[in-house]
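**Q** Provided herewith: start-v3.csv, CSV, C-alpha atoms.
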chain,number,residue,atom,x,y,z
U,261,MET,CA,141.3,101.1,56.1
U,262,VAL,CA,142.4,97.5,56.3
U,263,LYS,CA,145.8,96.0,57.2
U,264,TYR,CA,147.0,93.5,54.6
U,265,PHE,CA,149.5,90.8,55.3
U,266,CYS,CA,151.1,88.3,52.7
U,267,HIS,CA,153.8,85.8,53.2
U,268,ASN,CA,155.1,82.9,51.1
U,269,THR,CA,157.1,80.0,52.4
U,270,ASP,CA,158.3,76.6,51.3
U,271,ILE,CA,157.5,73.6,53.5
U,272,ARG,CA,160.1,70.9,53.1
U,273,SER,CA,157.6,68.0,52.9
U,274,THR,CA,155.4,66.4,50.4
U,275,TRP,CA,151.9,67.8,49.7
U,276,ASP,CA,150.3,64.6,50.9
U,277,HIS,CA,152.1,64.8,54.3
U,278,VAL,CA,151.3,68.5,54.7
U,279,VAL,CA,147.6,67.9,54.1
U,280,SER,CA,147.6,65.0,56.5
U,281,ALA,CA,149.4,67.1,59.1
U,282,PHE,CA,146.9,69.9,58.6
U,283,TRP,CA,144.0,67.8,59.8
U,284,GLN,CA,146.0,66.4,62.7
U,285,ARG,CA,147.8,69.5,63.9
U,286,TYR,CA,145.7,70.0,67.0
U,287,PRO,CA,146.6,69.6,69.8
U,288,ASN,CA,150.3,70.6,69.7
U,289,PRO,CA,152.6,72.4,72.1
U,290,PHE,CA,152.5,75.6,70.0
U,291,SER,CA,148.7,75.9,69.8
U,292,THR,CA,147.6,75.6,73.4
U,293,HIS,CA,145.2,78.5,72.9
U,294,VAL,CA,143.1,76.3,70.6
U,295,LEU,CA,140.4,74.8,72.9
U,296,THR,CA,138.1,72.9,70.5
U,297,GLU,CA,137.6,72.0,66.9
U,298,ASP,CA,134.4,70.6,65.5
U,299,VAL,CA,133.4,69.6,61.9
U,300,VAL,CA,130.2,71.4,61.0
U,301,TYR,CA,130.0,70.3,57.3
U,302,ARG,CA,131.8,67.9,55.0
U,303,GLU,CA,131.2,66.8,51.4
U,304,VAL,CA,133.1,65.1,48.6
U,305,THR,CA,132.1,66.7,45.3
U,306,ALA,CA,131.6,65.0,42.0
U,307,ASP,CA,135.1,66.1,40.9
U,308,GLN,CA,136.6,64.6,44.0
U,309,LYS,CA,137.2,67.8,46.0
U,310,LEU,CA,136.8,67.6,49.8
U,311,LEU,CA,134.8,70.5,51.2
U,312,SER,CA,134.9,71.0,54.9
U,313,ARG,CA,133.7,73.6,57.4
U,314,ARG,CA,135.0,73.6,61.0
U,315,LEU,CA,134.2,75.6,64.1
U,316,LEU,CA,137.2,76.4,66.2
U,317,THR,CA,137.2,77.9,69.7
U,318,LYS,CA,140.3,79.8,70.8
U,319,THR,CA,141.3,81.8,73.9
U,320,ASN,CA,141.7,85.6,73.4
U,321,ARG,CA,144.1,87.2,75.8
U,322,LEU,CA,143.7,90.9,75.4
U,323,PRO,CA,146.1,93.7,76.4
U,324,ARG,CA,145.0,96.0,79.2
U,325,TRP,CA,144.1,98.9,76.9
U,326,ALA,CA,141.6,96.7,75.0
U,327,GLU,CA,139.7,95.8,78.1
U,328,ARG,CA,137.8,99.1,78.0
U,329,PHE,CA,136.1,98.0,74.8
U,330,PHE,CA,134.7,94.8,76.3
U,331,PRO,CA,131.6,94.8,78.6
U,332,ALA,CA,132.1,93.1,81.9
U,333,GLY,CA,131.5,89.4,81.7
U,334,ILE,CA,131.7,89.1,78.0
U,335,SER,CA,133.3,85.9,76.6
U,336,ARG,CA,137.0,86.0,76.1
U,337,CYS,CA,136.8,83.1,73.7
U,338,VAL,CA,136.9,83.6,70.0
U,339,TYR,CA,134.8,81.5,67.6
U,340,ILE,CA,136.3,80.9,64.2
U,341,ILE,CA,134.9,79.4,61.1
U,342,GLU,CA,137.4,77.6,58.8
U,343,ASP,CA,136.3,76.6,55.3
U,344,SER,CA,138.7,74.4,53.3
U,345,ILE,CA,139.0,72.7,49.9
U,346,VAL,CA,141.2,69.8,49.3
U,347,ASP,CA,141.8,69.4,45.5
U,348,PRO,CA,143.8,66.1,45.0
U,349,VAL,CA,143.8,66.6,41.2
U,350,ASN,CA,145.5,69.9,41.2
U,351,ARG,CA,147.3,69.1,44.4
U,352,SER,CA,146.2,72.1,46.4
U,353,LEU,CA,144.6,72.8,49.8
U,354,THR,CA,142.9,76.2,50.2
U,355,THR,CA,141.6,77.4,53.5
U,356,TYR,CA,139.7,80.6,54.5
U,357,THR,CA,139.0,81.5,58.1
U,358,TRP,CA,137.3,84.4,59.9
U,359,ASN,CA,136.2,85.2,63.5
U,360,LEU,CA,132.5,85.2,64.3
U,361,ASN,CA,132.5,87.3,67.5
U,362,HIS,CA,134.4,90.4,68.7
U,363,THR,CA,134.3,91.7,65.2
U,364,THR,CA,133.7,95.3,66.3
U,365,LEU,CA,137.0,95.2,68.1
U,366,MET,CA,138.8,93.3,65.3
U,367,SER,CA,138.0,91.3,62.3
U,368,VAL,CA,140.6,88.9,60.9
U,369,GLU,CA,140.2,87.1,57.7
U,370,GLU,CA,142.9,84.7,56.5
U,371,ARG,CA,143.4,82.8,53.3
U,372,CYS,CA,146.0,80.0,52.9
U,373,VAL,CA,146.9,78.1,49.8
U,374,PHE,CA,149.1,75.0,50.1
U,375,HIS,CA,150.2,73.8,46.7
U,376,GLU,CA,152.6,71.2,45.5
U,377,SER,CA,155.8,72.7,44.2
U,378,ARG,CA,156.5,72.2,40.5
U,379,GLU,CA,160.1,73.4,40.9
U,380,GLN,CA,161.3,71.5,44.0
U,381,THR,CA,160.6,67.8,44.8
U,382,ALA,CA,159.1,66.9,48.2
U,383,THR,CA,158.2,70.6,48.8
U,384,THR,CA,154.9,72.3,49.4
U,385,GLN,CA,154.5,76.0,48.7
U,386,LEU,CA,152.3,78.0,51.2
U,387,LYS,CA,150.9,81.4,50.4
U,388,ARG,CA,149.3,83.0,53.5
U,389,GLU,CA,147.2,86.2,53.3
U,390,ALA,CA,145.3,88.1,56.0
U,391,TRP,CA,143.1,91.2,56.1
U,392,ILE,CA,142.7,92.9,59.5
U,393,SER,CA,140.1,95.6,60.3
U,394,SER,CA,138.5,97.3,63.2
U,395,SER,CA,135.3,99.3,63.6
U,396,ILE,CA,136.2,101.1,66.8
U,397,TYR,CA,135.9,104.8,66.0
U,398,GLY,CA,139.1,106.7,66.7
U,399,PHE,CA,141.1,103.6,67.6
U,400,SER,CA,140.9,101.5,64.4
U,401,ARG,CA,144.5,102.2,63.3
U,402,PRO,CA,146.3,101.2,66.6
U,403,VAL,CA,143.9,98.2,66.9
U,404,GLN,CA,144.9,97.1,63.4
U,405,GLU,CA,148.6,97.6,64.1
U,406,PHE,CA,148.2,95.5,67.3
U,407,GLY,CA,146.2,92.9,65.3
U,408,LEU,CA,148.9,92.7,62.6
U,409,ALA,CA,151.7,92.2,65.1
U,410,ARG,CA,149.7,89.5,67.0
U,411,PHE,CA,148.8,87.8,63.7
U,412,LYS,CA,152.5,87.6,62.7
U,413,SER,CA,153.3,86.1,66.0
U,414,ASN,CA,150.5,83.6,65.8
U,415,GLN,CA,151.2,82.5,62.2
U,416,GLY,CA,154.8,81.8,63.4
U,417,LYS,CA,153.4,79.5,66.1
U,418,ALA,CA,151.0,77.9,63.6
U,419,MET,CA,154.0,77.0,61.3
U,420,LYS,CA,155.8,75.5,64.3
U,421,GLY,CA,152.7,73.5,65.2
U,422,LEU,CA,152.4,72.2,61.6
U,423,GLU,CA,156.1,71.3,61.5
U,424,TYR,CA,155.8,69.5,64.9
U,425,THR,CA,152.9,67.4,63.5
U,426,LEU,CA,154.9,66.7,60.3
U,427,ALA,CA,157.8,65.5,62.3
U,428,ASN,CA,155.6,63.0,64.1
U,429,LEU,CA,154.3,61.7,60.7
U,430,GLN,CA,157.7,61.1,59.2
U,431,GLY,CA,158.2,57.5,58.1
U,432,GLU,CA,154.5,57.0,57.3
U,433,ALA,CA,153.3,56.4,53.8
U,434,PRO,CA,151.9,59.8,52.6
U,435,GLN,CA,149.2,58.4,50.4
U,436,ARG,CA,147.9,56.1,53.1
U,437,LEU,CA,148.0,59.0,55.6
U,438,LEU,CA,145.9,61.2,53.3
U,439,ARG,CA,143.4,58.5,52.6
U,440,ASP,CA,143.1,57.4,56.2
U,441,THR,CA,142.9,61.0,57.5
U,442,VAL,CA,140.0,61.8,55.2
U,443,LYS,CA,138.2,58.6,56.1
U,444,ASP,CA,138.7,59.2,59.9
U,445,ALA,CA,137.5,62.8,59.5
U,446,SER,CA,134.4,61.7,57.7
U,447,GLU,CA,133.6,59.2,60.5
U,448,LYS,CA,134.2,61.7,63.2
U,449,ALA,CA,132.1,64.3,61.4
U,450,LYS,CA,128.8,62.6,62.5
U,451,GLU,CA,129.8,62.6,66.1
U,452,ALA,CA,131.1,66.2,66.0
U,453,ALA,CA,127.9,67.4,64.3
U,454,ILE,CA,126.0,67.0,67.5
U,455,VAL,CA,128.5,69.1,69.5
U,456,ALA,CA,128.8,71.7,66.8
U,457,THR,CA,125.0,72.1,66.6
U,458,MET,CA,124.9,72.8,70.3
U,459,LYS,CA,127.6,75.4,70.0
U,460,ALA,CA,126.0,76.9,66.9
U,461,THR,CA,122.9,77.5,68.9
U,462,THR,CA,124.8,79.8,71.2
U,463,LEU,CA,126.0,81.8,68.2
U,464,ALA,CA,122.6,82.2,66.6
U,465,ALA,CA,122.5,85.9,67.4
U,466,VAL,CA,125.9,86.6,65.9
U,467,PRO,CA,125.8,87.8,62.2
U,468,GLN,CA,127.6,85.3,60.0
U,469,LYS,CA,129.0,85.4,56.6
U,470,PRO,CA,127.6,83.3,53.8
U,471,GLN,CA,129.2,79.9,53.0
U,472,GLN,CA,132.6,80.6,51.4
U,473,PHE,CA,134.4,77.4,50.3
U,474,VAL,CA,136.9,79.5,48.4
Take the structure in the file and write it out as C-alpha cells.

**A**
Amino acid sequence: MVKYFCHNTDIRSTWDHVVSAFWQRYPNPFSTHVLTEDVVYREVTADQKLLSRRLLTKTNRLPRWAERFFPAGISRCVYIIEDSIVDPVNRSLTTYTWNLNHTTLMSVEERCVFHESREQTATTQLKREAWISSSIYGFSRPVQEFGLARFKSNQGKAMKGLEYTLANLQGEAPQRLLRDTVKDASEKAKEAAIVATMKATTLAAVPQKPQQFV
C-alpha cells in the first residue's frame, strides 16, 4: 500500500525566472532544515538538455512514537538524491527525488514538473506528485498517514521558499539569469564533486536506486 499525493499550482512568474530560482532557492528562511546541497553529476546533452544529480542533506525531526524504530545513535539526517532535467526547447524542468536512508521507516519519492503555461502569460505551471511508503510491519498505515501530512506541510514551505527566492530575483533579466545560473552551477560542480565524493563514501553501504533522469 502506497500513499499518493498530487497537486497542481500556477506560479505567477516566467519559466526562466522559476528555473533560475530553483537553483538558487537554498538557503532561505523557509528551508532551514536543508543543511547541504552538492552537485554529484552534471551534463549538457546533444539536444541541449541539462541533466543534474544533486545530493541534499536535511534534518529529520521525528515524533516521539517513531523513536522506537530507530537504534540509539543512528543519524537523524536524511540524505536525498535529486535528479533533474532542464529542457529549454520544450520549456520544462522535471525533477525526481528520493531518500537514501531511513527507507524502512519511510520512503518518499517525489516528481515535479515545471512547465511554461500556454494559456497564461508570465505563468509557470507546476505539477507535484509524491509516493509515500513504509516497510514497518503493523505500522505502515499510520506511518504513511504521518508521512503524507508532513509532506503536505513541507511542500507548502518549499513553495514559500521558491516564492521568496523569486521575489529577490525580480527586476533581473530572466534569460541572463538562466544562462548565468547554469554557467555558475557548472563551475561549482567541480568543487562540489570533491565534497560529494566524500559524502558518497559514507553512503556506500546504503542500497541506491539506478540513475533516473526522468

**Q** So what do you get for atom CA of Glu376 of chain U versus atom CA of Val300 of chain U, distance-wise?

**A**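 Interatomic distance, atom CA of Glu376 of chain U to atom CA of Val300 of chain U: 27.2 Å.
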
**Q** What is the distance between atom CA of Arg336 of chain U and atom CA of Lys318 of chain U, in Å to one decimal?

**A**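 If I compute the distance from atom CA of Arg336 of chain U to atom CA of Lys318 of chain U, I get 8.8 Å.
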
**Q** At what distance in Å, to one decimal, does atom CA of Ala281 of chain U lie from atom CA of Ser312 of chain U?

**A** 15.6 Å

**Q** Which of these residues is nearest to Tyr301 of chain U, using all atoms listed in the file: U:Asp343, U:Ile271, U:Asn288, U:Lys263?

**A**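 Residue with the minimum atom-to-atom distance to Tyr301 of chain U: U:Asp343.
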
**Q** Nearest residue to Ser395 of chain U out of U:Ala382, U:Met366, U:Val279, U:Cys372, using all atoms listed in the file?

**A**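 Of all the options, U:Met366 lies closest to Ser395 of chain U.
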
**Q** Determine, counting all atoms listed in the file, which protein, DNA and RNA residues have an atom within 7 Å of an atom of segment 396-411 of chain U; residues of the same chain fewer than 4 positions away are not included. Present the result as a PyMOL selection string.

**A** chain U and resi 263+364-365+392+415

**Q** Report as a PyMOL selection string all protein, DNA and RNA residues lying within 10 Å of Cys266 of chain U, evaluated on all atoms listed in the file, omitting residues in the same chain fewer than 5 positions from it.

**A** chain U and resi 370-372+387-391

**Q** Could you check the closest approach to Glu369 of chain U for each of U:Gln308, U:Thr357, U:Thr384, U:Thr319 and tell me which residue wins, using all atoms listed in the file?

**A**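 The shortest atom-to-atom distance to Glu369 of chain U comes from U:Thr357.
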